[in-house]
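> Pasting a structure here, questions to come.
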Amino acid sequence: MLMRPKTAEKVAQTIIWSVSILVVLLLFFIVSFILIKGVPTLTWDFLTQNPTQSGRSGGILSTIVSTLMVTLVAILVATPFGVGTAFYLTEFTYESKVTKIIRFSAESLAAIPSIVYGLFGFIFFVIYLKLGWSILSGGLTMAVMILPTIIRTSEEAILSVPRAYREVSFSLGGNKWQTITRAVLPSAFPGITAGIILGIGRCVAETAAVILTAGSSLHMPESLFDPSRTMAVHFYILAREGISMERAYGTATLLIIIILGINLTANMLVNRFIAKTR
């Protein structure tokens, strides 16, 4: 016997709300568990000292610096290529086989597991280009990894800019470049920035691709060619080898705080961008 439409609607709403609440509770439980374990470890010494004795003592300063350096290299390399590709697809060409191939390639890159990126970076950057385990190798690998995210978010941000902005610019005598830089880019900037911030979040949280390319050295990096250990890799090694669960929870807590901050910032920028375009 079929249910009445109103009954079916209520059942569907109940299921959706139940699943949503379950997801929120799981997130709250995981985050709370790690924060309870890790917040007491976040002392000033823990944040400002380098790790010693394979991470059993000391702090995580070198891993924080390594994470920032790897992320900076990745963003500086991926952003021009990602944003440039997005503008090419939306402003400089029509829908064709070439654009379909580029979009398909970007979507395929987004679906590749991170360990495959790590293997590619290890073979190409570490061995073939002879960069060795270094911040540069890790940053370049992460740049390839976050490129699809920047391309897709930037493309959507550019497409959301009203066509009238371009028409007004052309009617006032502006050329293609002036229209893009003075009319389209400022309007799409918040959305593009949100994509870049999401890429930063992925760089900070990545483990598999970085450990195969940047290495796991605990020394403070002095150049882009030095091996390093990011916070995510440090947490993984501490937990996997049972070196110090206390410091593993502390590192995980800092990672969660950073990633939550990045995601909140990205959501805020996207919401402001949507409100502005309405």
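Naming works like this for the structure tokens: A, B, ... for the chains as they're shown, residue 1 at the start of each chain, ligands 1 onward in shown order.
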Quick one: DSSP strand (DSSP E or B) residues in range 31-191 of chain A, as a list of chain:residue names?
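Going through range 31-191 of chain A, the strand (DSSP E or B) residues come out as A:Pro51, A:Thr52, A:Ser57, A:Gly58.
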> Can you list every residue in range 70-144 of chain A that DSSP puts in alpha helix (DSSP H), as a PyMOL selection string?
chain A and resi 70-91+97-111+114-121+135-144
> Measuring atom to atom with only C-alpha atoms, identify which of A:Tyr128, A:Tyr117, A:Trp44, A:Tyr165 is nearest to Val210 in chain A.
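Answer, going by the shortest atom-to-atom distance: A:Tyr117.
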> Quick check, in Å to one decimal: how far apart do CA of Ile30 in chain A and CA of Ser217 in chain A lie?
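Spanning CA of Ile30 in chain A to CA of Ser217 in chain A is a straight-line distance of 28.8 Å.
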> Quick one: everything within 6 Å of range 253-260 of chain A, counting only C-alpha atoms, minus sequence neighbours fewer than 6 positions away in the same chain. Send it as a VMD selection string.
chain A and resid 35 38 201
> With C-alpha atoms retained, export the selected residues as an mmCIF file, in the first residue's frame.

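To be explicit, this is the file written out as part.cif:
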```cif
data_model
loop_
_atom_site.group_PDB
_atom_site.id
_atom_site.type_symbol
_atom_site.label_atom_id
_atom_site.label_comp_id
_atom_site.auth_asym_id
_atom_site.auth_seq_id
_atom_site.Cartn_x
_atom_site.Cartn_y
_atom_site.Cartn_z
ATOM 1 C CA LEU A 35 40.553 18.676 21.622
ATOM 2 C CA GLY A 38 45.299 17.745 22.872
ATOM 3 C CA GLY A 201 43.470 23.551 3.800
#
```
> Might you pull out every residue within 10 Å of Pro186 in chain A, with only C-alpha atoms counted and same-chain residues fewer than 6 positions away left off, and present them as number ranges by chain?
A: 158, 161, 180, 192
> Counting only C-alpha atoms, which residues of range 139-190 of chain A fall within 12 Å of range 204-208 of chain A, and what is the closest atom pair for each with its distance in Å at one decimal, ordered by chain and rising number, as a tab-separated table?

```
residue	atom	partner	partner_atom	distance
A:Gly139	CA	A:Val204	CA	11.0
A:Thr141	CA	A:Ala208	CA	11.0
A:Met142	CA	A:Glu206	CA	8.5
A:Ala143	CA	A:Glu206	CA	11.9
A:Met145	CA	A:Glu206	CA	10.0
A:Ile146	CA	A:Glu206	CA	10.7
```
> To one decimal place in Å, what is the distance between CA of Met220 in chain A and CA of Ser62 in chain A?
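Taking CA of Met220 in chain A as the start and CA of Ser62 in chain A as the end point, the length is 4.8 Å.
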> Rounded to one decimal in Å, what is the spacing between CA of Phe122 in chain A and CA of Thr213 in chain A?
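Going from CA of Phe122 in chain A over to CA of Thr213 in chain A, I get 5.3 Å.
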> Give me, as a VMD selection string, all polymer residues having an atom no more than 10 Å from Leu109 in chain A, counting only C-alpha atoms and skipping those fewer than 4 positions away in the same chain.
chain A and resid 103 to 105 113 117 144 to 149
> Those same residues - C-alpha atoms - I'd like them written as a tab-separated table (two decimals), in the first residue's frame.

```tsv
chain	number	residue	atom	x	y	z
A	103	ARG	CA	37.71	20.08	-17.78
A	104	PHE	CA	37.79	16.29	-17.95
A	105	SER	CA	41.49	16.34	-17.09
A	113	PRO	CA	44.18	9.32	-4.57
A	117	TYR	CA	50.30	12.01	-6.28
A	144	VAL	CA	49.56	19.58	-8.86
A	145	MET	CA	47.23	18.08	-6.27
A	146	ILE	CA	45.29	21.28	-5.49
A	147	LEU	CA	45.22	22.54	-9.07
A	148	PRO	CA	41.78	21.00	-9.87
A	149	THR	CA	40.23	22.65	-6.80
```
> Using only C-alpha atoms, find the one residue out of A:Leu61, A:Leu89, A:Ala78, A:Val31 that sits nearest to His234 in chain A.
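Answer, going by the shortest atom-to-atom distance: A:Leu61.
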